[in-house]
Each structure stands twice: as structure tokens, then as C-alpha cells.
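Structure, as C-alpha cells:
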Amino acid sequence: RAIAATGREVLILERDNSIGLGTSSRNSEVIHAGIYYPPQLQPLKARLCVRGKELMYKYCADHNINHRKIGKLIVATNESQLQKDLPSIVKRAEANEITDLRLLSRDEVRSIEPDIVCTGALLSPSTGIVDSHILMVELLGDAEKNGATLALNCPVKNVEILEGSGSHDRLLVQAEDMDLSCGHVINCAGLFADKVASMIFASAGKDIVTRQYFAKGNYYKLEGVRSPFSHLIYPVPEEGGLGVHATIDLAESTRFGPDVEWVDQDVDNPDDIDLSVDIRRADSFYAEVRKYWPGLPDDGLAPDYAGVRPKCVPMGSKTKGDFIIEGPNNHGVPGFVNLIGIESPGLTSCMAIAEDVLRLIEES
């Protein structure tokens, strides 16, 4: 969309028979505030989430996309979380210039969410929800209005460098029955992005290894009772994710998740990942949810769906993974912009990421 708006000829290659069937739709559909990411350790996630949130709310309002600034509670369920973890989150948020968080006492939480049991919570009033499917359709429509073309069922088979004169080298993209000579290639292939990057780096003779690691997230939906919540309810974050949280969608349904189920590192093909919800994980969901909502009834949860996070660091890594967004000045391949590890908060950040990609193209 952003690139087509500049008058460039844009072809979007989509491996599936519709857009947004992968990570873009298998998530919580939350507009994040940008409070979790330390700018020293995750500078891209920190900056792009905050900028993306601003762009997202404006775009949704301008295009009548269904969304709500519903607010989020991050709940502490013990004194350690209240005294240590919540102040740490406030400190990170302030480093990202997020200053609207409010620390609520147990009684203040009870006054707005009577069913929540906690020692205290943080209220993030700028967190919201969005219809991600309508958002993607609207973004595609904008791109097509500016001349972009969508090609469905066109997985990329290979990408090679066509030798030219210096910075005028072009890239040959082979997709299904097409050979495309391109001035620029944007690798935004989601779970398959590391495979596309490997094709290009191998052709360029670059000894660059880019590997994504996969963390599956399961969701369960609340059944048989009305949603007890009027806000999104999040526990204190855990390794690999934001914990089993309660989200309310625009149809007033409630789901819980995602959990973090690391995929074996030997699995490097996303097509080999089973996206069915493992019903054996239900017990852990009940246990996690009842830490902040002990009133969850037996048999109140039913399997809903699962998604996969593409991560730049493996399970157990002491390094916090950030987005990788690199242009020719980073990797040395003219005309190539590489996006790796675009997990949460990728949906919130999408239009801010587009601004960065456009800048990298214009710099090259």
C-alpha cells in the first residue's frame, strides 16, 4: 500500500488462495499500546508499536473499520508481581513515552471488573481491539487503488540476483509459472520469510544465516456463560509471550490465550506444524485463567484456534528477540528489504513497518 502510493509498480505474491491466512489472522486482534518492549533491547518493537498504534487508530477511524479502544488490565496475582513486576512494566512504558498507565489497587480493580481476583493491576487505556480481517481487506483495497496487483496461489520458488552494473542489479523472482525481473523485492513472507531470505543470500554469495524459530499459541473460547469482562485481562508477561490473557472480540465473545508451545527446532517447515488445538492443554488453561478469574466454570472452555509466532531467538534464549528489518546497507544485496521475526506486535505495527520499508527502498 505505502509503496504503491508512491507510483511504483507493485506485485503482491501470495502463496495461499486468499490474503492473511497465516500469522496476520491467527492472533488476538489487539491494538497494543507499546508498553512491554525495552527500547535498548527491542528498539524496533518499541518504536514501531507506539508509532503503529497511532497510525492504526487513525486509519481505522478514517476508513470506518470496526475497532474499540477497550483498555487493558495487567493483573498481579501475588505481592511479588505487584511490588516488582508492575513497576518494571511502568518503567519500560515510560521509556517508550507511554505515560497513560494507571496503577490500580485491589478495590479499584474490583470496582470495574468485579470477577477479577488480584492484588492490583495496571490499566492501559490506549489498548484496543480491531477486526484484523476487515483491516487487511481495506489495506489491500488501498494498494489496488494505487495500481498494485495481487497474485494468489503464487508461492515463491526461488530468488536470484541478475547481474547488472553495480547498484542496478535486478532480482529474478520465480513464482509458479512466472519469472519476474524486479528492481526491489520485499521479503514479508511471515513464517516462510527465512526461507525466502536464504534463497537471496545464497544467490548473492552471502554467508548470512537467518533462522526463525516457531512458538505455537493455542486459544480456547469461553462457552456457556456471558463474558464477565469489559476490559482485556492480561497476566504479568511470561517467557515467549504475554501469558494466557482474556480478550474480547468485537462480537462480544471471549477467548483465552495464547499459551506458548515451542515447536521442535528440527521443524523448519511451517507447513509441518499442526494448527489444531491440543485439547490436552485445557488443564493448563484452566489453571492459568483461574489465577485471576477463579470463577471460571468447569467445562467453560472449548478449543478455538491456534497460531504460530515466528521468532528470531530460540526457546530459553537470554536475548529478547526484536523484529529484523534490513535493507541493502545492512546486508549488501541491492534492492532487497528483509523482514524476519514479525510476530507480536506485528499487527499493531504494520503501517509503521511499511514506513520503514519505504524509507529503505528510497535509500537504495
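Please note that chains go A, B, ... in the order of the C-alpha cells, that every chain numbers its residues from 1, and that ligands are numbered from 1 in the order shown.
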
Could you give me, as a PyMOL selection string, the residues within 12 Å of A:Glu138, counting only C-alpha atoms and dropping anything in the same chain fewer than 6 positions from it?
-> chain A and resi 1+19+59-60+62-66+131-132+144-145

Hey, what does DSSP flag as alpha helix (DSSP H) within stretch 149-291 of chain A? Can you give it to me as a PyMOL selection string?
-> chain A and resi 193-203+282-289

Output C-alpha atoms of each residue in that selection to a file, as a PDB file, in the first residue's frame.
```pdb
ATOM      1  CA  ALA A 193      10.485 -15.333   5.463  1.00  0.00           C
ATOM      2  CA  ASP A 194      13.737 -17.022   6.498  1.00  0.00           C
ATOM      3  CA  LYS A 195      13.443 -19.434   3.564  1.00  0.00           C
ATOM      4  CA  VAL A 196      13.000 -16.579   1.079  1.00  0.00           C
ATOM      5  CA  ALA A 197      15.937 -14.729   2.639  1.00  0.00           C
ATOM      6  CA  SER A 198      18.124 -17.829   2.322  1.00  0.00           C
ATOM      7  CA  MET A 199      17.383 -18.013  -1.414  1.00  0.00           C
ATOM      8  CA  ILE A 200      18.549 -14.456  -1.977  1.00  0.00           C
ATOM      9  CA  PHE A 201      21.605 -14.596   0.274  1.00  0.00           C
ATOM     10  CA  ALA A 202      22.729 -17.867  -1.350  1.00  0.00           C
ATOM     11  CA  SER A 203      22.439 -16.308  -4.819  1.00  0.00           C
ATOM     12  CA  ALA A 282      -7.010 -27.464  28.562  1.00  0.00           C
ATOM     13  CA  ASP A 283      -5.973 -28.244  32.148  1.00  0.00           C
ATOM     14  CA  SER A 284      -3.144 -25.705  31.980  1.00  0.00           C
ATOM     15  CA  PHE A 285      -5.564 -23.097  30.592  1.00  0.00           C
ATOM     16  CA  TYR A 286      -7.987 -23.611  33.462  1.00  0.00           C
ATOM     17  CA  ALA A 287      -5.109 -23.279  35.921  1.00  0.00           C
ATOM     18  CA  GLU A 288      -3.728 -20.093  34.348  1.00  0.00           C
ATOM     19  CA  VAL A 289      -7.081 -18.352  33.924  1.00  0.00           C
TER      20      VAL A 289
END
```

Which polymer residues have any atom within 12 Å of an atom of A:Leu152, counting only C-alpha atoms, with same-chain residues fewer than 6 positions away left out, as a list in words?
-> Leu11, Ile12, Leu13, Glu14, Arg15, Asp16, Asn17, Ser18, Ile19, Gly20, Leu21, Ala175 and Glu176 of chain A

Members of stretch 72-320 of chain A assigned strand (DSSP E) by DSSP, as number ranges by chain | A: 72-76, 102-105, 120-124, 128-130, 149-151, 156-162, 170-175, 178-182, 185-187, 213-222, 232-235, 245-248, 254-257, 261-262, 301-311

Have a look at atom CA of A:Asp259 and atom CA of A:Gly243 and let me know their distance in Å, one decimal.
->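 So the two atoms, atom CA of A:Asp259 and atom CA of A:Gly243, lie 6.2 Å apart.
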
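Proximity ranking of A:Cys188, A:Val10, A:Ala76, A:Val267 relative to A:Phe323 places A:Cys188 first, based on only C-alpha atoms.
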
Near A:Thr319, counting only C-alpha atoms, which residues have an atom at most 12 Å away, once you skip same-chain residues fewer than 3 positions from it, shown as a list in words?
->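 Here the qualifying residues turn out to be Pro38, Gln40, Leu41, Gln42, Glu239, Gly240, Lys311, Cys312, Val313, Pro314, Met315, Gly316 and Asp322 of chain A.
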
Contact residues around A:Leu73 with only C-alpha atoms at 10 Å, ignoring same-chain residues under 5 positions, as a ChimeraX atom specification | /A:101-104,109,113,120-125,127,231-236,245-246

Next, write the just-selected residues to a file, as a PDB file, in the first residue's frame, keeping N, CA and C atoms as the atom set.
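Writing the result to out_26.pdb gives the following:
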```pdb
ATOM      1  N   LEU A 101      -0.475   4.910  31.779  1.00  0.00           N
ATOM      2  CA  LEU A 101      -0.762   3.762  32.628  1.00  0.00           C
ATOM      3  C   LEU A 101      -1.182   4.222  34.026  1.00  0.00           C
ATOM      4  N   ARG A 102      -2.127   3.504  34.612  1.00  0.00           N
ATOM      5  CA  ARG A 102      -2.590   3.801  35.967  1.00  0.00           C
ATOM      6  C   ARG A 102      -2.466   2.553  36.821  1.00  0.00           C
ATOM      7  N   LEU A 103      -1.852   2.700  37.991  1.00  0.00           N
ATOM      8  CA  LEU A 103      -1.761   1.591  38.931  1.00  0.00           C
ATOM      9  C   LEU A 103      -3.024   1.566  39.777  1.00  0.00           C
ATOM     10  N   LEU A 104      -3.734   0.442  39.751  1.00  0.00           N
ATOM     11  CA  LEU A 104      -4.994   0.300  40.465  1.00  0.00           C
ATOM     12  C   LEU A 104      -4.823  -0.641  41.654  1.00  0.00           C
ATOM     13  N   VAL A 109      -9.680  -2.292  41.083  1.00  0.00           N
ATOM     14  CA  VAL A 109      -9.909  -3.312  40.058  1.00  0.00           C
ATOM     15  C   VAL A 109     -11.292  -3.921  40.230  1.00  0.00           C
ATOM     16  N   GLU A 113     -13.964  -4.433  37.361  1.00  0.00           N
ATOM     17  CA  GLU A 113     -14.006  -5.838  36.939  1.00  0.00           C
ATOM     18  C   GLU A 113     -14.272  -6.692  38.177  1.00  0.00           C
ATOM     19  N   GLY A 120      -3.612  -6.226  42.618  1.00  0.00           N
ATOM     20  CA  GLY A 120      -3.542  -4.908  41.992  1.00  0.00           C
ATOM     21  C   GLY A 120      -3.369  -5.085  40.498  1.00  0.00           C
ATOM     22  N   ALA A 121      -3.402  -3.988  39.764  1.00  0.00           N
ATOM     23  CA  ALA A 121      -3.301  -4.089  38.308  1.00  0.00           C
ATOM     24  C   ALA A 121      -2.858  -2.768  37.720  1.00  0.00           C
ATOM     25  N   LEU A 122      -2.378  -2.857  36.483  1.00  0.00           N
ATOM     26  CA  LEU A 122      -2.116  -1.667  35.673  1.00  0.00           C
ATOM     27  C   LEU A 122      -3.225  -1.542  34.647  1.00  0.00           C
ATOM     28  N   LEU A 123      -3.751  -0.333  34.500  1.00  0.00           N
ATOM     29  CA  LEU A 123      -4.738  -0.051  33.465  1.00  0.00           C
ATOM     30  C   LEU A 123      -4.043   0.644  32.304  1.00  0.00           C
ATOM     31  N   SER A 124      -4.151   0.052  31.112  1.00  0.00           N
ATOM     32  CA  SER A 124      -3.636   0.655  29.877  1.00  0.00           C
ATOM     33  C   SER A 124      -4.831   1.116  29.052  1.00  0.00           C
ATOM     34  N   PRO A 125      -5.207   2.388  29.132  1.00  0.00           N
ATOM     35  CA  PRO A 125      -6.430   2.843  28.464  1.00  0.00           C
ATOM     36  C   PRO A 125      -6.329   2.924  26.948  1.00  0.00           C
ATOM     37  N   THR A 127      -4.981   0.624  24.914  1.00  0.00           N
ATOM     38  CA  THR A 127      -5.027  -0.685  24.263  1.00  0.00           C
ATOM     39  C   THR A 127      -6.418  -0.906  23.679  1.00  0.00           C
ATOM     40  N   HIS A 231     -12.947  -5.261  29.974  1.00  0.00           N
ATOM     41  CA  HIS A 231     -11.606  -4.901  29.515  1.00  0.00           C
ATOM     42  C   HIS A 231     -10.880  -6.178  29.077  1.00  0.00           C
ATOM     43  N   LEU A 232      -9.789  -5.998  28.339  1.00  0.00           N
ATOM     44  CA  LEU A 232      -8.871  -7.106  28.117  1.00  0.00           C
ATOM     45  C   LEU A 232      -8.144  -7.375  29.433  1.00  0.00           C
ATOM     46  N   ILE A 233      -7.955  -8.638  29.762  1.00  0.00           N
ATOM     47  CA  ILE A 233      -7.309  -9.008  31.024  1.00  0.00           C
ATOM     48  C   ILE A 233      -6.038  -9.782  30.706  1.00  0.00           C
ATOM     49  N   TYR A 234      -4.905  -9.230  31.131  1.00  0.00           N
ATOM     50  CA  TYR A 234      -3.605  -9.857  30.880  1.00  0.00           C
ATOM     51  C   TYR A 234      -2.913 -10.170  32.203  1.00  0.00           C
ATOM     52  N   PRO A 235      -2.286 -11.345  32.310  1.00  0.00           N
ATOM     53  CA  PRO A 235      -1.404 -11.591  33.446  1.00  0.00           C
ATOM     54  C   PRO A 235      -0.068 -10.886  33.220  1.00  0.00           C
ATOM     55  N   VAL A 236       0.807 -10.978  34.188  1.00  0.00           N
ATOM     56  CA  VAL A 236       2.175 -10.486  34.000  1.00  0.00           C
ATOM     57  C   VAL A 236       2.832 -11.336  32.910  1.00  0.00           C
ATOM     58  N   HIS A 245      -4.054 -14.638  28.243  1.00  0.00           N
ATOM     59  CA  HIS A 245      -4.883 -13.486  28.565  1.00  0.00           C
ATOM     60  C   HIS A 245      -6.297 -13.648  28.038  1.00  0.00           C
ATOM     61  N   ALA A 246      -7.186 -12.835  28.547  1.00  0.00           N
ATOM     62  CA  ALA A 246      -8.582 -12.831  28.122  1.00  0.00           C
ATOM     63  C   ALA A 246      -8.809 -11.672  27.173  1.00  0.00           C
TER      64      ALA A 246
END
```

Nearest-residue call for A:Glu261, choices A:Ala215, A:Leu275, A:Cys118, A:Ile161, using only C-alpha atoms | A:Ala215

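If only C-alpha atoms are the atoms counted, then among A:Asp299, A:Glu9, A:Glu363, A:Asp272 the closest residue to A:Asn329 is A:Glu363.
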
Could you please determine the separation between atom CA of A:Arg92 and atom CA of A:Ile116 in Å, to one decimal place?
->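 It comes out at 24.8 Å.
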